[in-house]
>>> print(open('entry12.txt').read())   # compact mmCIF, C-alpha atoms
# COMPACT_ATOMS: atom_id res chain seq x y z
CA MET A 1 0.00 0.00 0.00
CA ARG A 2 1.47 3.34 -1.09
CA ASP A 3 1.81 6.22 1.37
CA ILE A 4 -1.09 8.68 1.45
CA THR A 5 -0.09 12.16 0.28
CA LEU A 6 -1.38 15.67 0.95
CA LYS A 7 -2.42 15.80 -2.72
CA GLN A 8 -4.71 12.78 -2.32
CA ILE A 9 -6.38 14.27 0.76
CA ALA A 10 -6.80 17.61 -1.06
CA GLU A 11 -8.36 15.99 -4.15
CA THR A 12 -10.75 13.88 -2.03
CA LEU A 13 -12.03 16.96 -0.17
CA GLY A 14 -11.85 19.32 -3.16
CA ILE A 15 -9.52 21.79 -1.45
CA SER A 16 -5.95 22.95 -2.06
CA ILE A 17 -2.82 21.15 -0.82
CA THR A 18 -1.87 24.32 1.07
CA THR A 19 -5.17 24.27 2.95
CA VAL A 20 -4.65 20.61 3.88
CA SER A 21 -1.15 21.35 5.12
CA LYS A 22 -2.33 24.32 7.19
CA ALA A 23 -5.24 22.32 8.63
CA LEU A 24 -2.91 19.55 9.78
CA LYS A 25 -0.62 22.11 11.42
CA GLY A 26 -3.50 23.92 13.15
CA TYR A 27 -3.20 27.26 11.35
CA PRO A 28 -5.91 29.69 12.55
CA ASP A 29 -6.87 30.85 9.02
CA VAL A 30 -8.44 27.43 8.27
CA SER A 31 -12.09 27.13 9.33
CA PRO A 32 -12.93 24.64 12.13
CA LYS A 33 -15.20 22.73 9.72
CA THR A 34 -12.46 22.29 7.10
CA ARG A 35 -9.86 21.41 9.71
CA LYS A 36 -12.17 18.77 11.21
CA ALA A 37 -12.77 17.22 7.77
CA VAL A 38 -9.04 17.12 7.00
CA LEU A 39 -8.09 15.57 10.34
CA GLU A 40 -10.83 12.93 10.15
CA LEU A 41 -9.87 11.91 6.61
CA ALA A 42 -6.16 11.89 7.43
CA GLN A 43 -6.83 9.66 10.43
CA SER A 44 -9.07 7.28 8.49
CA LEU A 45 -6.41 6.94 5.77
CA SER A 46 -3.60 6.52 8.35
CA TYR A 47 -1.77 9.51 6.90
CA THR A 48 1.72 10.23 8.27
CA PRO A 49 3.86 13.20 7.21
CA ASN A 50 6.72 12.49 4.83
CA SER A 51 9.64 13.36 7.10
CA PHE A 52 12.10 13.31 4.18
CA ALA A 53 10.09 15.96 2.35
CA VAL A 54 9.77 18.01 5.54
CA ASN A 55 13.53 17.79 6.05
CA LEU A 56 14.14 19.06 2.53
CA ARG A 57 11.92 22.08 3.17
CA THR A 58 13.26 22.94 6.61
CA LYS A 59 16.86 21.81 5.93
CA GLU A 60 16.70 19.98 9.26
CA SER A 61 16.73 16.24 9.90
CA ARG A 62 15.99 16.52 13.65
CA THR A 63 18.64 13.79 13.89
CA ILE A 64 22.10 13.87 15.42
CA GLY A 65 24.95 11.38 15.17
CA LEU A 66 26.85 9.94 18.13
CA ILE A 67 30.16 8.09 17.62
CA ILE A 68 31.63 6.30 20.63
CA PRO A 69 34.43 3.73 21.04
CA GLU A 70 32.27 1.17 22.90
CA VAL A 71 28.54 0.79 23.53
CA VAL A 72 28.81 -1.85 26.25
CA HIS A 73 31.25 0.12 28.41
CA HIS A 74 29.54 1.33 31.59
CA PHE A 75 30.83 4.90 31.18
CA PHE A 76 29.72 5.23 27.56
CA SER A 77 26.34 3.59 28.15
CA ASN A 78 25.63 6.24 30.80
CA VAL A 79 26.73 9.00 28.41
CA ILE A 80 24.38 7.56 25.76
CA ASN A 81 21.50 7.65 28.26
CA GLY A 82 22.22 11.29 29.06
CA ILE A 83 22.34 12.29 25.38
CA ILE A 84 19.17 10.37 24.45
CA ASP A 85 17.29 11.73 27.47
CA GLU A 86 18.09 15.33 26.53
CA ALA A 87 17.61 14.74 22.79
CA GLU A 88 14.09 13.32 23.30
CA LYS A 89 13.13 16.38 25.35
CA ASN A 90 14.05 18.51 22.35
CA GLY A 91 12.52 16.34 19.62
CA TYR A 92 15.74 14.83 18.25
CA LEU A 93 16.57 11.28 17.22
CA VAL A 94 20.07 9.93 17.99
CA ILE A 95 21.95 7.64 15.58
CA ILE A 96 24.52 5.71 17.66
CA LEU A 97 27.63 4.30 15.97
CA GLN A 98 30.48 2.35 17.58
CA SER A 99 34.02 2.85 16.29
CA ASN A 100 35.46 -0.19 18.14
CA GLU A 101 38.56 1.96 18.83
CA SER A 102 39.31 1.87 15.07
CA LEU A 103 40.42 5.04 13.26
CA GLU A 104 39.37 3.69 9.84
CA LEU A 105 35.89 2.80 11.09
CA GLU A 106 35.62 6.18 12.79
CA LYS A 107 36.41 7.91 9.47
CA LYS A 108 33.74 5.90 7.64
CA GLN A 109 31.17 6.70 10.31
CA VAL A 110 31.88 10.43 10.11
CA GLU A 111 31.42 10.26 6.33
CA LEU A 112 28.18 8.29 6.70
CA LEU A 113 26.67 10.76 9.18
CA MET A 114 27.50 13.71 6.94
CA GLN A 115 25.96 11.91 3.95
CA LYS A 116 22.82 11.41 6.07
CA ARG A 117 22.86 15.18 6.69
CA VAL A 118 22.49 14.89 10.44
CA ASP A 119 22.03 18.23 12.20
CA GLY A 120 25.12 17.68 14.34
CA ILE A 121 27.67 15.14 15.58
CA ILE A 122 28.86 14.22 19.08
CA MET A 123 32.01 12.12 19.37
CA SER A 124 34.49 10.50 21.73
CA LEU A 125 37.63 9.66 19.78
CA SER A 126 38.92 6.13 19.29
CA ASN A 127 42.27 5.14 20.79
CA GLU A 128 43.75 5.01 17.26
CA SER A 129 42.80 8.60 16.43
CA ASN A 130 46.12 10.22 15.54
CA ASP A 131 44.86 11.66 12.23
CA ASP A 132 42.25 14.39 12.56
CA GLU A 133 41.61 15.22 8.90
CA HIS A 134 38.13 13.61 9.00
CA ILE A 135 37.31 15.71 12.08
CA ARG A 136 38.47 18.89 10.39
CA ASP A 137 36.23 17.99 7.46
CA ILE A 138 33.23 18.22 9.82
CA LEU A 139 34.30 21.75 10.77
CA ARG A 140 34.98 22.76 7.15
CA LYS A 141 31.42 21.76 6.26
CA GLU A 142 30.17 23.72 9.28
CA VAL A 143 28.36 20.75 10.81
CA PRO A 144 27.76 21.44 14.54
CA PHE A 145 30.23 19.28 16.45
CA VAL A 146 30.97 18.42 20.08
CA MET A 147 33.70 16.20 21.54
CA PHE A 148 33.54 14.57 24.96
CA ASP A 149 35.83 12.48 27.18
CA LYS A 150 38.46 11.38 24.63
CA ILE A 151 39.17 14.62 22.79
CA SER A 152 41.84 16.34 20.72
CA LYS A 153 43.06 19.66 22.08
CA LEU A 154 44.00 20.61 18.50
CA ILE A 155 40.39 20.68 17.25
CA PRO A 156 38.62 24.06 17.72
CA CYS A 157 35.18 22.76 18.70
CA SER A 158 33.00 22.61 21.81
CA LYS A 159 34.01 19.98 24.36
CA VAL A 160 32.68 18.38 27.54
CA ILE A 161 35.49 17.07 29.69
CA ILE A 162 36.77 16.42 33.15
CA ASN A 163 40.17 17.56 34.38
CA ASP A 164 41.83 14.16 33.92
CA GLN A 165 45.18 15.33 35.23
CA LYS A 166 43.64 16.74 38.42
CA ALA A 167 41.44 13.64 38.89
CA ALA A 168 44.44 11.31 38.48
CA PHE A 169 46.51 13.45 40.84
CA ASN A 170 43.78 13.15 43.48
CA ALA A 171 43.58 9.38 43.00
CA VAL A 172 47.33 8.92 43.52
CA GLN A 173 47.29 11.43 46.40
CA HIS A 174 44.64 9.20 48.00
CA LEU A 175 47.01 6.20 47.76
CA ILE A 176 49.85 8.23 49.25
CA GLN A 177 47.67 9.42 52.13
CA LYS A 178 46.89 5.76 52.80
CA GLY A 179 50.62 5.11 53.24
CA CYS A 180 51.65 3.95 49.75
CA LYS A 181 55.27 4.71 48.80
CA LYS A 182 55.84 2.54 45.73
CA ILE A 183 53.00 3.14 43.30
CA ALA A 184 52.60 1.56 39.86
CA HIS A 185 50.40 2.97 37.09
CA ILE A 186 48.53 1.01 34.43
CA ARG A 187 47.90 3.67 31.80
CA GLY A 188 45.87 3.90 28.62
CA PRO A 189 47.20 3.91 25.02
CA VAL A 190 49.56 6.71 24.02
CA ASN A 191 47.13 8.63 21.76
CA PRO A 192 44.00 9.63 23.71
CA GLN A 193 44.39 12.89 25.58
CA ASN A 194 42.69 11.51 28.70
CA ALA A 195 45.28 8.71 28.98
CA ILE A 196 48.10 11.24 28.61
CA ASP A 197 46.61 13.55 31.23
CA ARG A 198 45.98 10.73 33.74
CA PHE A 199 49.61 9.65 33.35
CA LEU A 200 50.77 13.23 33.91
CA GLY A 201 48.56 13.49 37.00
CA TYR A 202 50.10 10.28 38.37
CA LYS A 203 53.60 11.58 37.73
CA LYS A 204 52.87 14.98 39.26
CA ALA A 205 51.49 13.43 42.48
CA LEU A 206 54.66 11.36 42.90
CA GLU A 207 56.90 14.36 42.33
CA GLN A 208 55.00 16.62 44.74
CA ASN A 209 55.28 13.97 47.46
CA GLY A 210 58.98 13.30 46.94
CA ILE A 211 58.47 9.84 45.44
CA PRO A 212 60.90 9.12 42.56
CA PHE A 213 59.27 8.39 39.20
CA ASP A 214 60.27 5.02 37.72
CA SER A 215 59.22 4.35 34.12
CA LYS A 216 59.44 0.59 34.83
CA MET A 217 56.44 1.03 37.14
CA VAL A 218 54.24 2.20 34.25
CA TYR A 219 52.36 -0.40 32.16
CA THR A 220 50.59 0.61 28.95
CA CYS A 221 47.28 -0.89 27.81
CA LYS A 222 46.65 -1.43 24.13
CA ASN A 223 42.90 -2.09 24.26
CA VAL A 224 42.01 -1.24 27.90
CA THR A 225 40.47 -4.63 28.74
CA PHE A 226 39.84 -6.90 31.73
CA GLU A 227 42.32 -9.39 30.23
CA GLU A 228 45.05 -6.73 30.20
CA GLY A 229 44.33 -6.13 33.87
CA LEU A 230 44.86 -9.81 34.61
CA ALA A 231 48.14 -9.83 32.63
CA PHE A 232 49.51 -6.63 34.17
CA GLY A 233 48.50 -7.80 37.66
CA LYS A 234 50.62 -10.90 37.07
CA GLN A 235 53.55 -8.83 35.75
CA ILE A 236 53.46 -6.39 38.64
CA ALA A 237 53.34 -9.19 41.23
CA ILE A 238 56.42 -10.80 39.65
CA GLU A 239 58.46 -7.75 38.63
CA HIS A 240 57.64 -5.48 41.59
CA PRO A 241 56.62 -7.60 44.57
CA ASP A 242 57.16 -4.62 46.87
CA VAL A 243 54.58 -2.42 45.11
CA ASP A 244 52.10 -1.15 47.70
CA GLY A 245 49.79 0.93 45.47
CA ILE A 246 48.41 0.84 41.91
CA PHE A 247 46.54 3.56 40.02
CA VAL A 248 44.66 2.10 37.05
CA ILE A 249 43.40 3.96 33.95
CA THR A 250 39.86 2.56 34.30
CA ASP A 251 37.83 0.26 36.55
CA LEU A 252 37.54 -2.49 33.93
CA VAL A 253 41.31 -2.99 33.93
CA ALA A 254 41.50 -2.55 37.72
CA VAL A 255 38.96 -5.34 38.21
CA GLY A 256 41.27 -7.60 36.17
CA VAL A 257 44.18 -6.72 38.46
CA LEU A 258 42.06 -7.44 41.54
CA ALA A 259 40.91 -10.76 40.10
CA HIS A 260 44.51 -11.90 39.63
CA PHE A 261 45.58 -10.77 43.09
CA ASN A 262 42.61 -12.63 44.60
CA GLU A 263 43.65 -15.72 42.65
CA ILE A 264 47.26 -15.70 43.94
CA GLY A 265 46.30 -14.68 47.47
CA LEU A 266 47.85 -11.21 47.41
CA LYS A 267 45.90 -9.28 50.01
CA VAL A 268 44.16 -6.03 49.01
CA PRO A 269 44.39 -3.52 50.68
CA GLU A 270 46.74 -4.98 53.34
CA GLN A 271 49.65 -5.69 50.95
CA VAL A 272 48.72 -3.50 47.98
CA LYS A 273 46.10 -0.80 47.53
CA ILE A 274 44.31 -0.27 44.20
CA ILE A 275 42.29 2.62 42.83
CA GLY A 276 40.51 2.70 39.46
CA PHE A 277 38.73 5.33 37.39
CA SER A 278 35.12 5.91 36.20
CA ASN A 279 33.05 4.31 39.03
CA TRP A 280 31.88 1.38 36.90
CA PHE A 281 29.11 -0.68 38.51
CA MET A 282 31.44 -3.71 38.80
CA SER A 283 33.64 -1.71 41.16
CA GLN A 284 30.96 -2.13 43.84
CA VAL A 285 30.35 -5.87 43.44
CA ILE A 286 33.88 -7.26 43.25
CA THR A 287 35.65 -8.30 46.46
CA PRO A 288 37.16 -6.18 47.82
CA LYS A 289 35.07 -3.27 46.54
CA LEU A 290 37.14 -1.00 44.33
CA SER A 291 38.06 2.57 45.24
CA THR A 292 37.69 4.76 42.16
CA VAL A 293 37.31 8.20 40.65
CA ASP A 294 33.69 9.05 39.98
CA GLN A 295 33.09 10.47 36.50
CA PRO A 296 29.73 12.20 35.97
CA SER A 297 28.99 10.22 32.80
CA PHE A 298 25.22 10.85 32.52
CA GLU A 299 25.74 14.59 33.05
CA MET A 300 28.49 14.52 30.42
CA GLY A 301 25.92 13.21 27.94
CA VAL A 302 23.36 15.85 28.91
CA GLN A 303 25.84 18.70 28.60
CA SER A 304 27.21 17.37 25.29
CA PHE A 305 23.76 17.47 23.72
CA LYS A 306 23.00 20.91 25.18
CA LEU A 307 26.21 22.30 23.70
CA LEU A 308 25.42 20.74 20.33
CA LEU A 309 21.87 22.13 20.36
CA GLU A 310 23.22 25.57 21.22
CA GLU A 311 25.46 25.44 18.15
CA ILE A 312 22.65 24.09 15.92
CA ASN A 313 20.29 26.89 16.96
CA THR A 314 22.94 29.61 16.71
CA LYS A 315 23.90 28.58 13.17
CA LYS A 316 20.24 28.24 12.19
CA GLU A 317 19.82 31.92 13.03
CA LEU A 318 22.95 32.67 10.92
CA HIS A 319 24.87 33.97 13.93
CA PRO A 320 28.56 33.19 14.52
CA PHE A 321 29.15 30.43 17.07
CA GLN A 322 32.01 30.51 19.54
CA PRO A 323 33.00 26.98 20.69
CA ARG A 324 33.31 26.52 24.43
CA THR A 325 34.42 23.86 26.87
CA ILE A 326 32.48 22.58 29.87
CA GLU A 327 34.56 20.95 32.60
CA LEU A 328 32.70 18.66 35.02
CA GLU A 329 33.84 17.88 38.56
CA THR A 330 35.09 14.46 39.69
CA SER A 331 35.55 12.94 43.14
CA VAL A 332 37.47 10.08 44.74
CA ILE A 333 35.24 7.33 46.11
CA GLU A 334 36.99 5.40 48.86
CA ARG A 335 36.09 1.70 49.13
CA ASP A 336 37.68 -1.46 50.48
CA SER A 337 40.57 -1.72 48.00
CA THR A 338 42.34 1.23 49.66
CA SER A 339 40.85 1.17 53.15
CA LYS A 340 40.87 -1.73 55.57
CA ASN A 341 37.68 -1.88 57.63
>>> encode(input="entry12.txt", output="structure tokens")
Amino acid sequence: MRDITLKQIAETLGISITTVSKALKGYPDVSPKTRKAVLELAQSLSYTPNSFAVNLRTKESRTIGLIIPEVVHHFFSNVINGIIDEAEKNGYLVIILQSNESLELEKKQVELLMQKRVDGIIMSLSNESNDDEHIRDILRKEVPFVMFDKISKLIPCSKVIINDQKAAFNAVQHLIQKGCKKIAHIRGPVNPQNAIDRFLGYKKALEQNGIPFDSKMVYTCKNVTFEEGLAFGKQIAIEHPDVDGIFVITDLVAVGVLAHFNEIGLKVPEQVKIIGFSNWFMSQVITPKLSTVDQPSFEMGVQSFKLLLEEINTKKELHPFQPRTIELETSVIERDSTSKN
């Protein structure tokens, strides 16, 4: 069955297409009698507006694109919820794409979203993102664009971030206040800015507390997985048996470290204290419960959409838009992995 058109409704009632359109939109210059007839016929024929045609007229798709490294990650799933919640309030649909930490896939997804003529794009960069030409293409085409969490400082766009260096500093400071003197760091890949900043925060906390930095105490994740946590936990236990504290790039990896230590009988927090990052739900159900840095992930999603909408509306009115950065607060959550009850 073919879609019912405004023309068919107009011909059936013997009125103009313009009158039908106005009646459906509730324009006051259409008589109540005519409007009633149009609405009743439209309902009986199961008429639905052609959104593609509407988009062509308004030059709006009421759709935004979201590119994230992982959908199943606790942090990103909360960000998604925040974006969708705010988007629905404002009548927008969200297309969610997952880059799987692949630069090539990320490039294809950017191209796809621009071909779909989305009204704007929100993105957290993949770990492989060391080439930003596809990002600059978004800006060249003046598509509203917001980065969050994993960003590039070189891209002049709006961003929603935390102060990763400060948050990491506070996490390591927490370990030091708990008596740790030999602290290892399991860091993220070398490209993402948040991994760089968390490493710098770790290093700064050591320096400010008179603890010598040792590059052999730093372990670098490739994919930031539970399995890497298991492997690095094993390495640390063998290579540095006197380590008394570990700061881990994210809770997922930290849970892997904890799992290995539990397996070999290394006592946490009595022998070694561990703190993660992101306040993943698993951090509260593993034994011992994991101390962590709380990231306001849902709020990051809300603020990312609000910034994007601000740019969409500003450009719609043909006004210049000045990108801005929103920095959200973090906090250390102390649990059993750093504090003996």
>>> residues_around(input="entry12.txt", residues="stretch 119-128 of chain A", least_positions_apart="2", cutoff="9 Å", atoms="only C-alpha atoms", output="ChimeraX atom specification")
/A:59-69,99-104,106,110,113-114,117,130-131,138,143-152,188-192,222-223,304-305,308-309,311-312
>>> atom_distance(input="entry12.txt", atom1="atom CA of A:Ser77", atom2="atom CA of A:Leu93")
16.6 Å
>>> residues_around(input="entry12.txt", residues="A:Pro241", least_positions_apart="5", cutoff="10 Å", atoms="only C-alpha atoms", output="compact mmCIF listing (two decimals) with C-alpha atoms, in the frame of the given file")
# COMPACT_ATOMS: atom_id res chain seq x y z
CA GLN A 235 53.55 -8.83 35.75
CA ILE A 236 53.46 -6.39 38.64
CA LEU A 266 47.85 -11.21 47.41
CA GLN A 271 49.65 -5.69 50.95
CA VAL A 272 48.72 -3.50 47.98
>>> closest_residue(input="entry12.txt", among="A:Ile96, A:Met217, A:Leu175, A:Ile183", to="A:Arg335", atoms="all atoms listed in the file")
A:Leu175
>>> atom_distance(input="entry12.txt", atom1="atom CA of A:Pro156", atom2="atom CA of A:Arg136")
9.0 Å
>>> atom_distance(input="entry12.txt", atom1="atom CA of A:Leu290", atom2="atom CA of A:Gly233")
14.8 Å
>>> closest_residue(input="entry12.txt", among="A:Gln177, A:Thr12, A:Thr225, A:Thr220", to="A:Ala205", atoms="all atoms listed in the file")
A:Gln177
>>> residues_around(input="entry12.txt", residues="A:His74", least_positions_apart="5", cutoff="12 Å", atoms="all atoms listed in the file", output="PyMOL selection string")
chain A and resi 69+79-81+250-252+277-283+295-298
>>> residues_around(input="entry12.txt", residues="stretch 22-26 of chain A", least_positions_apart="6", cutoff="12 Å", atoms="only C-alpha atoms", output="ChimeraX atom specification")
/A:6,9-10,15-16,32-43,47-49
>>> closest_residue(input="entry12.txt", among="A:His240, A:Gly229, A:Tyr92, A:Ile274", to="A:Gly256", atoms="all atoms listed in the file")
A:Gly229
>>> residues_near_point(input="entry12.txt", point="(33.7, 23.0, 22.3)", cutoff="6 Å", atoms="all atoms listed in the file", output="PyMOL selection string")
chain A and resi 146+157-159+323-325
>>> closest_residue(input="entry12.txt", among="A:Lys166, A:Val118, A:Phe261, A:Ala195", to="A:Ile95", atoms="all atoms listed in the file")
A:Val118
>>> residues_around(input="entry12.txt", residues="A:His260", least_positions_apart="5", cutoff="12 Å", atoms="only C-alpha atoms", output="list in words")
Phe226, Glu227, Glu228, Gly229, Leu230, Ala231, Phe232, Gly233, Lys234, Gln235, Ile236, Ala237, Ile238, Val253, Ala254, Val255, Gly265, Leu266, Lys267, Val268 and Thr287 of chain A
>>> axis_aligned_box(input="entry12.txt", around="stretch 171-180 of chain A", padding_each_side="4 Å", output="lines of an AutoDock Vina configuration file")
center_x = 47.6
center_y = 7.7
center_z = 48.1
size_x = 16.1
size_y = 15.5
size_z = 18.2
>>> closest_residue(input="entry12.txt", among="A:Val293, A:Ala87, A:Ile246, A:Val71", to="A:Lys306", atoms="only C-alpha atoms")
A:Ala87
>>> closest_residue(input="entry12.txt", among="A:Ile196, A:Ile176, A:Phe169, A:Asp242", to="A:Ile211", atoms="all atoms listed in the file")
A:Ile176
